[in-house]
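Okay, coords.csv now, which holds CSV, C-alpha atoms (C1' of nucleotides):
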```csv
chain,number,residue,atom,x,y,z
A,99,MET,CA,124.8,135.1,148.9
A,100,ARG,CA,124.8,136.3,145.4
A,101,ALA,CA,123.1,139.5,146.5
A,102,LEU,CA,126.2,140.2,148.7
A,103,ALA,CA,128.6,139.8,145.8
A,104,ASP,CA,128.1,143.4,144.6
A,105,PRO,CA,130.0,146.1,146.5
A,106,THR,CA,127.3,148.7,145.9
A,107,ARG,CA,124.8,146.4,147.6
A,108,ARG,CA,127.1,145.8,150.5
A,109,ARG,CA,127.4,149.5,151.0
A,110,ILE,CA,123.6,149.9,150.8
A,111,ILE,CA,123.3,147.4,153.5
A,112,GLN,CA,125.7,149.4,155.6
A,113,LEU,CA,123.7,152.5,155.0
A,114,VAL,CA,120.4,151.0,156.1
A,115,ARG,CA,121.9,149.1,158.9
A,116,SER,CA,121.0,151.5,161.7
A,117,ARG,CA,117.9,153.3,160.4
A,118,GLU,CA,115.3,153.5,157.7
A,119,VAL,CA,116.6,155.3,154.7
A,120,ALA,CA,114.6,156.6,151.6
A,121,ALA,CA,115.6,155.5,148.1
A,122,ALA,CA,116.5,159.0,147.1
A,123,GLU,CA,118.8,159.5,150.0
A,124,LEU,CA,120.5,156.2,149.2
A,125,ALA,CA,120.9,157.2,145.6
A,126,ALA,CA,122.6,160.4,146.7
A,127,SER,CA,125.3,158.4,148.4
A,128,PHE,CA,126.4,156.9,145.1
A,129,GLU,CA,127.5,158.1,141.8
A,130,LEU,CA,124.8,156.0,140.1
A,131,THR,CA,121.5,156.9,138.7
A,132,ARG,CA,118.3,156.3,140.8
A,133,PRO,CA,117.1,153.4,138.7
A,134,ALA,CA,120.4,151.7,139.3
A,135,ILE,CA,120.0,151.9,143.0
A,136,SER,CA,116.3,151.0,142.7
A,137,GLN,CA,117.4,147.8,141.0
A,138,HIS,CA,120.0,147.0,143.6
A,139,LEU,CA,117.3,147.5,146.3
A,140,LYS,CA,115.0,145.1,144.5
A,141,VAL,CA,117.7,142.4,144.6
A,142,LEU,CA,118.3,142.9,148.3
A,143,VAL,CA,114.6,142.8,149.0
A,144,ASP,CA,114.1,139.7,146.9
A,145,ALA,CA,116.9,138.1,148.8
A,146,ASN,CA,115.2,139.0,152.0
A,147,LEU,CA,118.1,141.0,153.3
A,148,ILE,CA,116.3,144.3,153.7
A,149,THR,CA,112.7,145.5,154.1
A,150,VAL,CA,110.6,148.2,152.4
A,151,ARG,CA,107.9,150.3,153.9
A,152,LYS,CA,105.8,152.8,152.0
A,153,LYS,CA,105.4,156.2,153.6
A,154,GLY,CA,103.6,158.8,151.6
A,155,ARG,CA,105.4,158.8,148.3
A,156,GLN,CA,108.7,157.5,149.6
A,157,ARG,CA,109.9,154.0,150.3
A,158,LEU,CA,111.9,153.5,153.4
A,159,TYR,CA,114.4,150.7,153.4
A,160,ASN,CA,115.8,149.0,156.4
A,161,VAL,CA,118.2,146.2,157.0
A,162,ARG,CA,116.8,142.8,158.1
A,163,GLN,CA,119.5,141.9,160.6
A,164,GLU,CA,118.0,138.5,161.4
A,165,SER,CA,118.4,137.4,157.8
A,166,LEU,CA,121.9,138.5,157.7
A,167,LYS,CA,122.7,136.7,160.9
A,168,ALA,CA,121.0,133.6,159.8
A,169,LEU,CA,122.9,133.6,156.6
A,170,PHE,CA,126.2,133.8,158.4
A,171,LEU,CA,125.3,131.3,161.0
A,172,ASN,CA,124.3,128.8,158.3
A,173,LEU,CA,127.6,129.3,156.4
A,174,ASP,CA,129.5,129.0,159.7
A,175,ASP,CA,127.8,125.7,160.2
A,176,TYR,CA,128.0,124.5,156.5
A,177,TRP,CA,131.7,125.1,156.4
A,178,SER,CA,132.4,124.0,160.0
A,179,LEU,CA,134.2,127.2,160.7
A,180,GLY,CA,133.6,127.2,164.4
A,181,LEU,CA,133.6,130.9,164.1
A,182,LEU,CA,131.5,131.5,167.1
A,183,ARG,CA,133.5,129.2,169.3
A,184,LEU,CA,136.6,131.1,168.3
A,185,GLN,CA,135.2,134.4,169.3
A,186,LEU,CA,133.9,133.0,172.6
A,187,ALA,CA,137.4,132.2,173.6
A,188,ALA,CA,138.7,135.6,172.4
A,189,GLU,CA,136.2,137.4,174.6
A,190,ALA,CA,136.9,135.3,177.6
A,191,ARG,CA,140.6,136.2,177.1
A,192,ALA,CA,139.8,139.9,176.8
A,193,GLY,CA,138.1,139.8,180.2
A,194,ASN,CA,134.5,139.6,179.2
A,195,THR,CA,134.0,143.3,178.7
A,196,LEU,CA,130.5,142.8,177.3
A,197,LYS,CA,127.9,140.3,178.2
B,76,MET,CA,133.3,138.0,148.6
B,77,ARG,CA,132.7,137.7,144.9
B,78,ALA,CA,134.4,134.3,145.0
B,79,LEU,CA,131.7,133.1,147.3
B,80,ALA,CA,128.9,134.2,145.0
B,81,ASP,CA,129.0,131.0,142.9
B,82,PRO,CA,127.3,127.9,144.3
B,83,THR,CA,129.8,125.6,142.7
B,84,ARG,CA,132.6,127.3,144.5
B,85,ARG,CA,130.7,127.2,147.8
B,86,ARG,CA,130.3,123.5,147.4
B,87,ILE,CA,134.0,123.2,146.6
B,88,ILE,CA,134.8,124.9,149.9
B,89,GLN,CA,132.7,122.5,151.7
B,90,LEU,CA,134.4,119.5,150.1
B,91,VAL,CA,137.9,120.7,151.0
B,92,ARG,CA,136.9,121.9,154.4
B,93,SER,CA,138.0,118.9,156.3
B,94,ARG,CA,140.8,117.4,154.3
B,95,GLU,CA,143.0,117.8,151.2
B,96,VAL,CA,141.3,116.8,148.0
B,97,ALA,CA,142.8,116.4,144.6
B,98,ALA,CA,141.4,118.2,141.6
B,99,ALA,CA,140.1,115.1,139.9
B,100,GLU,CA,138.2,114.0,142.9
B,101,LEU,CA,136.6,117.4,143.1
B,102,ALA,CA,135.6,117.3,139.5
B,103,ALA,CA,134.0,113.9,140.0
B,104,SER,CA,131.6,115.5,142.5
B,105,PHE,CA,130.1,117.8,139.9
B,106,GLU,CA,128.5,117.5,136.6
B,107,LEU,CA,131.1,119.9,135.1
B,108,THR,CA,134.2,119.3,133.1
B,109,ARG,CA,137.6,119.3,134.8
B,110,PRO,CA,138.7,122.5,133.2
B,111,ALA,CA,135.6,124.2,134.7
B,112,ILE,CA,136.5,123.0,138.1
B,113,SER,CA,140.1,124.0,137.6
B,114,GLN,CA,139.0,127.5,136.8
B,115,HIS,CA,136.8,127.7,139.9
B,116,LEU,CA,139.8,126.5,142.0
B,117,LYS,CA,141.9,129.2,140.5
B,118,VAL,CA,139.4,131.8,141.6
B,119,LEU,CA,139.3,130.4,145.1
B,120,VAL,CA,143.1,130.3,145.3
B,121,ASP,CA,143.4,133.8,144.0
B,122,ALA,CA,140.9,135.0,146.6
B,123,ASN,CA,143.1,133.3,149.2
B,124,LEU,CA,140.3,131.1,150.4
B,125,ILE,CA,141.9,127.8,149.7
B,126,THR,CA,145.5,126.5,149.3
B,127,VAL,CA,147.2,124.2,146.7
B,128,ARG,CA,150.0,121.8,147.3
B,129,LYS,CA,151.7,119.7,144.6
B,130,LYS,CA,152.1,116.1,145.4
B,131,GLY,CA,153.5,114.1,142.5
B,132,ARG,CA,151.3,114.8,139.6
B,133,GLN,CA,148.3,115.8,141.6
B,134,ARG,CA,147.4,119.1,143.2
B,135,LEU,CA,145.8,118.9,146.6
B,136,TYR,CA,143.4,121.6,147.6
B,137,ASN,CA,142.5,122.5,151.1
B,138,VAL,CA,140.4,125.2,152.7
B,139,ARG,CA,142.1,128.2,154.4
B,140,GLN,CA,139.8,128.5,157.4
B,141,GLU,CA,141.5,131.6,158.8
B,142,SER,CA,140.7,133.6,155.6
B,143,LEU,CA,137.1,132.6,155.7
B,144,LYS,CA,136.8,133.4,159.4
B,145,ALA,CA,138.5,136.8,158.8
B,146,LEU,CA,136.1,137.6,156.0
B,147,PHE,CA,133.1,136.9,158.2
B,148,LEU,CA,134.5,138.7,161.2
B,149,ASN,CA,135.1,141.7,159.0
B,150,LEU,CA,131.6,141.7,157.6
B,151,ASP,CA,130.1,141.2,161.1
B,152,ASP,CA,132.0,144.3,162.1
B,153,TYR,CA,131.2,146.3,159.0
B,154,TRP,CA,127.5,145.7,159.4
B,155,SER,CA,127.5,145.9,163.1
B,156,LEU,CA,125.7,142.5,163.3
B,157,GLY,CA,127.0,141.7,166.7
B,158,LEU,CA,126.7,138.1,165.6
B,159,LEU,CA,129.3,136.8,167.9
B,160,ARG,CA,127.8,138.6,170.9
B,161,LEU,CA,124.5,137.0,170.1
B,162,GLN,CA,125.9,133.5,170.0
B,163,LEU,CA,127.8,134.1,173.2
B,164,ALA,CA,124.5,134.6,175.0
B,165,ALA,CA,122.9,131.6,173.3
B,166,GLU,CA,125.7,129.4,174.5
B,167,ALA,CA,125.6,130.7,178.0
B,168,ARG,CA,121.9,129.9,178.0
B,169,ALA,CA,122.5,126.4,176.7
B,170,GLY,CA,124.7,125.8,179.7
B,171,ASN,CA,128.1,126.3,178.1
B,172,THR,CA,128.4,122.8,176.7
B,173,LEU,CA,131.6,123.6,174.9
B,174,LYS,CA,134.5,125.8,175.8
C,67,DT,C1',161.9,107.0,125.0
C,68,DA,C1',156.9,106.7,124.3
C,69,DC,C1',152.6,106.4,126.8
C,70,DT,C1',149.6,107.6,130.3
C,71,DT,C1',147.9,110.3,134.1
C,72,DA,C1',146.7,114.6,136.3
C,73,DC,C1',146.4,118.4,135.8
C,74,DG,C1',146.3,123.7,133.8
C,75,DT,C1',145.7,127.3,130.0
C,76,DA,C1',143.6,129.4,125.7
C,77,DA,C1',139.9,130.6,122.9
C,78,DG,C1',135.5,131.4,122.1
C,79,DA,C1',130.3,130.8,122.8
C,80,DA,C1',126.4,131.8,125.8
C,81,DA,C1',124.4,133.4,129.8
C,82,DT,C1',124.3,136.7,133.5
C,83,DG,C1',124.9,141.3,135.6
C,84,DA,C1',125.2,146.3,136.1
C,85,DC,C1',124.4,150.2,134.0
C,86,DT,C1',121.7,154.3,131.4
C,87,DA,C1',117.9,156.8,129.2
C,88,DA,C1',113.1,156.9,128.6
C,89,DA,C1',108.6,155.8,129.9
C,90,DC,C1',105.4,154.7,133.5
C,91,DT,C1',102.8,154.8,138.3
C,92,DA,C1',101.4,156.6,142.7
C,93,DT,C1',101.1,160.4,145.9
C,94,DT,C1',101.1,165.0,147.4
C,95,DT,C1',100.5,170.0,146.4
C,96,DG,C1',98.7,174.3,144.1
D,68,DC,C1',92.5,168.9,137.8
D,69,DA,C1',97.4,169.9,136.5
D,70,DA,C1',102.1,169.9,138.0
D,71,DA,C1',105.7,168.3,140.8
D,72,DT,C1',107.8,164.6,143.5
D,73,DA,C1',109.5,159.9,144.7
D,74,DG,C1',110.0,156.1,143.0
D,75,DT,C1',109.8,151.8,139.8
D,76,DT,C1',109.8,149.3,135.2
D,77,DT,C1',111.4,148.6,130.6
D,78,DA,C1',114.5,148.2,126.8
D,79,DG,C1',118.8,148.0,125.2
D,80,DT,C1',124.1,148.1,125.7
D,81,DC,C1',128.4,146.7,127.4
D,82,DA,C1',131.4,144.1,130.5
D,83,DT,C1',132.0,140.0,133.2
D,84,DT,C1',131.4,135.2,134.3
D,85,DT,C1',130.9,130.6,133.3
D,86,DC,C1',131.1,127.1,130.7
D,87,DT,C1',133.1,123.8,126.7
D,88,DT,C1',136.5,122.0,123.4
D,89,DA,C1',141.0,121.8,122.1
D,90,DC,C1',145.7,122.0,123.3
D,91,DG,C1',149.9,122.2,126.4
D,92,DT,C1',152.8,120.5,130.3
D,93,DA,C1',154.9,118.1,134.1
D,94,DA,C1',155.4,113.7,136.5
D,95,DG,C1',155.2,108.9,136.8
D,96,DT,C1',155.2,104.2,134.1
D,97,DA,C1',156.3,100.4,130.6
```
Give the structure from this file in structure tokens form.
Amino acid sequence: MRALADPTRRRIIQLVRSREVAAAELAASFELTRPAISQHLKVLVDANLITVRKKGRQRLYNVRQESLKALFLNLDDYWSLGLLRLQLAAEARAGNTLK
Amino acid sequence: MRALADPTRRRIIQLVRSREVAAAELAASFELTRPAISQHLKVLVDANLITVRKKGRQRLYNVRQESLKALFLNLDDYWSLGLLRLQLAAEARAGNTLK
DNA sequence: TACTTACGTAAGAAATGACTAAACTATTTG
DNA sequence: CAAATAGTTTAGTCATTTCTTACGTAAGTA
């Protein structure tokens, strides 16, 4: 949860959400130095929110959707939000366009 | 999001999740001084995650579930987690015990 | 009115966090 | 092997966060 507190890290997650991205490419998306991004990536990896894979001399980062989902489901439960229940109703109302 | 980074504040949210709780009662649940708790409460109120109500000389705090839900739904969308979709399927599988 | 209760606010210390520049490591390329 | 590339690690700075103690305030009580 602490790992999600920083806006840069949240953007990183968004960038690696759909595909593997190399560290340099990530750094290019920000106005920060590469070490700064590298450190953010370490935090995210340590928090188990993203994965790293070595490919040649680059490191490819990718989101770990399951961990993010688990985190949210836990909080939903911990705080008795009934979030999922809510959405269930909303989708039923909307005519069940997906399934 | 930053407001949720602190573990003390997350516990506070849990404590005020089901009913209104006075500041002193909250402080008693932690090994922190009352001013410390008061400051955490301020952060949570400023972040619009909980509400305050004056009753005589006490201040009653209560969670603002809608804000929390909105926060999570936004992140779910921002990160394309499809969290709700996932759960929808799980519940259908479980036999739709709630509705 | 004076005292107590239930808080909040202010000021400052200490810890944590987010950077940068410089140095280091591993991998490919000439 | 030497040089370049892709990246991390280290050391140090500055800003923010989190706490405590001391003080201030509003509401009930004797």
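The space separating CA of Arg157 in chain A from CA of Leu130 in chain A comes to 18.2 Å.
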Least-squares fit on all C-alpha atoms, paired in order: put chain A onto chain B and return it as a short mmCIF file (atom, residue, chain, number, x, y, z; two decimals) with C-alpha atoms, in the coordinates of the input.
```
data_model
loop_
_atom_site.label_atom_id
_atom_site.label_comp_id
_atom_site.auth_asym_id
_atom_site.auth_seq_id
_atom_site.Cartn_x
_atom_site.Cartn_y
_atom_site.Cartn_z
CA MET A 99 133.16 137.89 148.62
CA ARG A 100 132.60 137.58 144.98
CA ALA A 101 134.32 134.21 145.00
CA LEU A 102 131.55 133.00 147.42
CA ALA A 103 128.77 134.10 145.10
CA ASP A 104 128.95 130.90 143.00
CA PRO A 105 127.25 127.82 144.46
CA THR A 106 129.73 125.44 142.85
CA ARG A 107 132.54 127.25 144.66
CA ARG A 108 130.71 127.13 147.93
CA ARG A 109 130.34 123.42 147.56
CA ILE A 110 134.06 123.08 146.70
CA ILE A 111 134.85 124.84 149.84
CA GLN A 112 132.70 122.39 151.74
CA LEU A 113 134.47 119.53 150.11
CA VAL A 114 137.95 120.71 151.03
CA ARG A 115 136.96 121.87 154.40
CA SER A 116 138.16 118.86 156.37
CA ARG A 117 140.97 117.43 154.22
CA GLU A 118 143.13 117.89 151.19
CA VAL A 119 141.34 116.87 148.07
CA ALA A 120 142.81 116.37 144.49
CA ALA A 121 141.35 118.29 141.55
CA ALA A 122 140.18 115.14 139.88
CA GLU A 123 138.31 113.95 142.89
CA LEU A 124 136.64 117.35 143.18
CA ALA A 125 135.68 117.26 139.55
CA ALA A 126 134.03 113.89 140.09
CA SER A 127 131.69 115.42 142.61
CA PHE A 128 130.18 117.68 139.97
CA GLU A 129 128.56 117.33 136.69
CA LEU A 130 131.06 119.77 135.16
CA THR A 131 134.08 119.23 133.10
CA ARG A 132 137.58 119.30 134.77
CA PRO A 133 138.57 122.62 133.27
CA ALA A 134 135.46 124.13 134.76
CA ILE A 135 136.39 123.03 138.19
CA SER A 136 140.04 123.97 137.56
CA GLN A 137 138.83 127.49 136.87
CA HIS A 138 136.67 127.64 139.95
CA LEU A 139 139.72 126.49 142.01
CA LYS A 140 141.82 129.25 140.51
CA VAL A 141 139.27 131.85 141.66
CA LEU A 142 139.20 130.46 145.18
CA VAL A 143 142.96 130.38 145.32
CA ASP A 144 143.27 133.90 143.97
CA ALA A 145 140.84 134.99 146.60
CA ASN A 146 142.96 133.34 149.20
CA LEU A 147 140.20 131.09 150.40
CA ILE A 148 141.91 127.79 149.72
CA THR A 149 145.48 126.52 149.27
CA VAL A 150 147.21 124.31 146.67
CA ARG A 151 150.01 121.90 147.19
CA LYS A 152 151.71 119.94 144.45
CA LYS A 153 152.21 116.25 145.10
CA GLY A 154 153.60 114.21 142.29
CA ARG A 155 151.33 115.02 139.39
CA GLN A 156 148.31 115.97 141.46
CA ARG A 157 147.36 119.20 143.15
CA LEU A 158 145.86 118.93 146.55
CA TYR A 159 143.50 121.65 147.60
CA ASN A 160 142.62 122.57 151.10
CA VAL A 161 140.45 125.14 152.71
CA ARG A 162 142.12 128.17 154.37
CA GLN A 163 139.86 128.44 157.40
CA GLU A 164 141.59 131.54 158.75
CA SER A 165 140.71 133.48 155.63
CA LEU A 166 137.19 132.45 155.80
CA LYS A 167 136.94 133.41 159.42
CA ALA A 168 138.58 136.68 158.86
CA LEU A 169 136.23 137.47 156.08
CA PHE A 170 133.23 136.84 158.26
CA LEU A 171 134.60 138.63 161.21
CA ASN A 172 135.28 141.71 159.08
CA LEU A 173 131.72 141.70 157.63
CA ASP A 174 130.34 141.19 161.16
CA ASP A 175 132.22 144.26 162.17
CA TYR A 176 131.53 146.33 158.95
CA TRP A 177 127.83 145.78 159.27
CA SER A 178 127.71 145.97 163.09
CA LEU A 179 125.91 142.70 163.26
CA GLY A 180 127.05 141.79 166.72
CA LEU A 181 126.86 138.28 165.54
CA LEU A 182 129.36 136.96 167.95
CA ARG A 183 127.79 138.66 170.92
CA LEU A 184 124.51 137.06 169.98
CA GLN A 185 125.91 133.62 169.93
CA LEU A 186 127.73 134.17 173.23
CA ALA A 187 124.45 134.71 174.91
CA ALA A 188 122.86 131.70 173.14
CA GLU A 189 125.58 129.42 174.44
CA ALA A 190 125.41 130.72 177.93
CA ARG A 191 121.65 129.98 177.79
CA ALA A 192 122.25 126.46 176.49
CA GLY A 193 124.43 125.73 179.52
CA ASN A 194 127.85 126.16 178.06
CA THR A 195 128.13 122.69 176.61
CA LEU A 196 131.40 123.51 174.86
CA LYS A 197 134.20 125.71 175.93
#
```
- Which neighbours of DA77 in chain C fall inside 12 Å, counting all atoms listed in the file, when residues of the same chain fewer than 2 positions from it are skipped, and could you give them as a PyMOL selection string? (chain C and resi 75+79) or (chain D and resi 87-90)
Write the residues of the selection above to a file with C-alpha atoms (C1' of nucleotides), as a short mmCIF file (atom, residue, chain, number, x, y, z; two decimals), in the coordinates of the input.
```cif
data_model
loop_
_atom_site.label_atom_id
_atom_site.label_comp_id
_atom_site.auth_asym_id
_atom_site.auth_seq_id
_atom_site.Cartn_x
_atom_site.Cartn_y
_atom_site.Cartn_z
"C1'" DT C 75 145.70 127.30 130.00
"C1'" DA C 79 130.30 130.80 122.80
"C1'" DT D 87 133.10 123.80 126.70
"C1'" DT D 88 136.50 122.00 123.40
"C1'" DA D 89 141.00 121.80 122.10
"C1'" DC D 90 145.70 122.00 123.30
#
```
- With distances taken over only C-alpha atoms (C1' of nucleotides), the candidate from C:DT67, C:DC90, C:DG96, C:DA84 nearest chain A is C:DA84
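Omitting DA87 in chain C and its sequence neighbours fewer than 6 positions away, and counting only C-alpha atoms (C1' of nucleotides), the residues within 12 Å are Thr131, Arg132, Pro133 and Ala134 of chain A; DT77, DA78, DG79 and DT80 of chain D.
Considering only C-alpha atoms, the residue among B:Gly157, B:Asn149, B:Gly131, B:Leu119 positioned nearest to Ile88 in chain B is B:Leu119.
Between DA81 in chain C and the residues D:DT84, D:DA73, D:DT92, D:DA97, the shortest atom-to-atom distance, using all atoms listed in the file, involves D:DT84.
Proximity to chain C was assessed for B:Val127, B:Leu116, B:Ala98, B:Ala122 counting all atoms listed in the file; the smallest distance is recorded for B:Ala98.
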- Item | Residue contacts of Gln112 in chain A (9 Å, only C-alpha atoms (C1' of nucleotides)) excluding same-chain residues fewer than 2 positions away, as an MDAnalysis selection string | (chainID A and resid 107:110 114:116 161) or (chainID B and resid 153:155)
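With all atoms listed in the file as the atoms that count, the minimum distance from DT76 in chain D to the choices A:Ser165, A:Asn146, A:Gln137, A:Thr106 is reached by A:Gln137.
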- Message: Within 9 Å of chain B, which residues belong to chain A? Use all atoms listed in the file and report them as a PyMOL selection string.
- Response: chain A and resi 99-105+108+111-113+115-116+163-164+166-167+170-171+174+176-183+185-187+196-197
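Distance-wise, CA of Ala122 in chain A and C1' of DG74 in chain D end up 8.2 Å apart.
Across B:Asp121, B:Arg139, B:Gln133, B:Glu106, the tightest approach to chain C is made by B:Gln133 when counting only C-alpha atoms (C1' of nucleotides).
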Check every residue of chain C for an atom within 12 Å of chain B, counting all atoms listed in the file, and provide those that qualify as a JSON list (two decimals) with C-alpha atoms (C1' of nucleotides), in the frame of the given file.
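The file below, selection-v7.json, is the result:
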```
[["chain", "number", "residue", "atom", "x", "y", "z"],
["C", 70, "DT", "C1'", 149.60, 107.60, 130.30],
["C", 71, "DT", "C1'", 147.90, 110.30, 134.10],
["C", 72, "DA", "C1'", 146.70, 114.60, 136.30],
["C", 73, "DC", "C1'", 146.40, 118.40, 135.80],
["C", 74, "DG", "C1'", 146.30, 123.70, 133.80],
["C", 75, "DT", "C1'", 145.70, 127.30, 130.00],
["C", 76, "DA", "C1'", 143.60, 129.40, 125.70],
["C", 82, "DT", "C1'", 124.30, 136.70, 133.50]]
```
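The two atoms in question, CA of Ala103 in chain B and CA of Asp175 in chain A, are spaced 24.2 Å apart.
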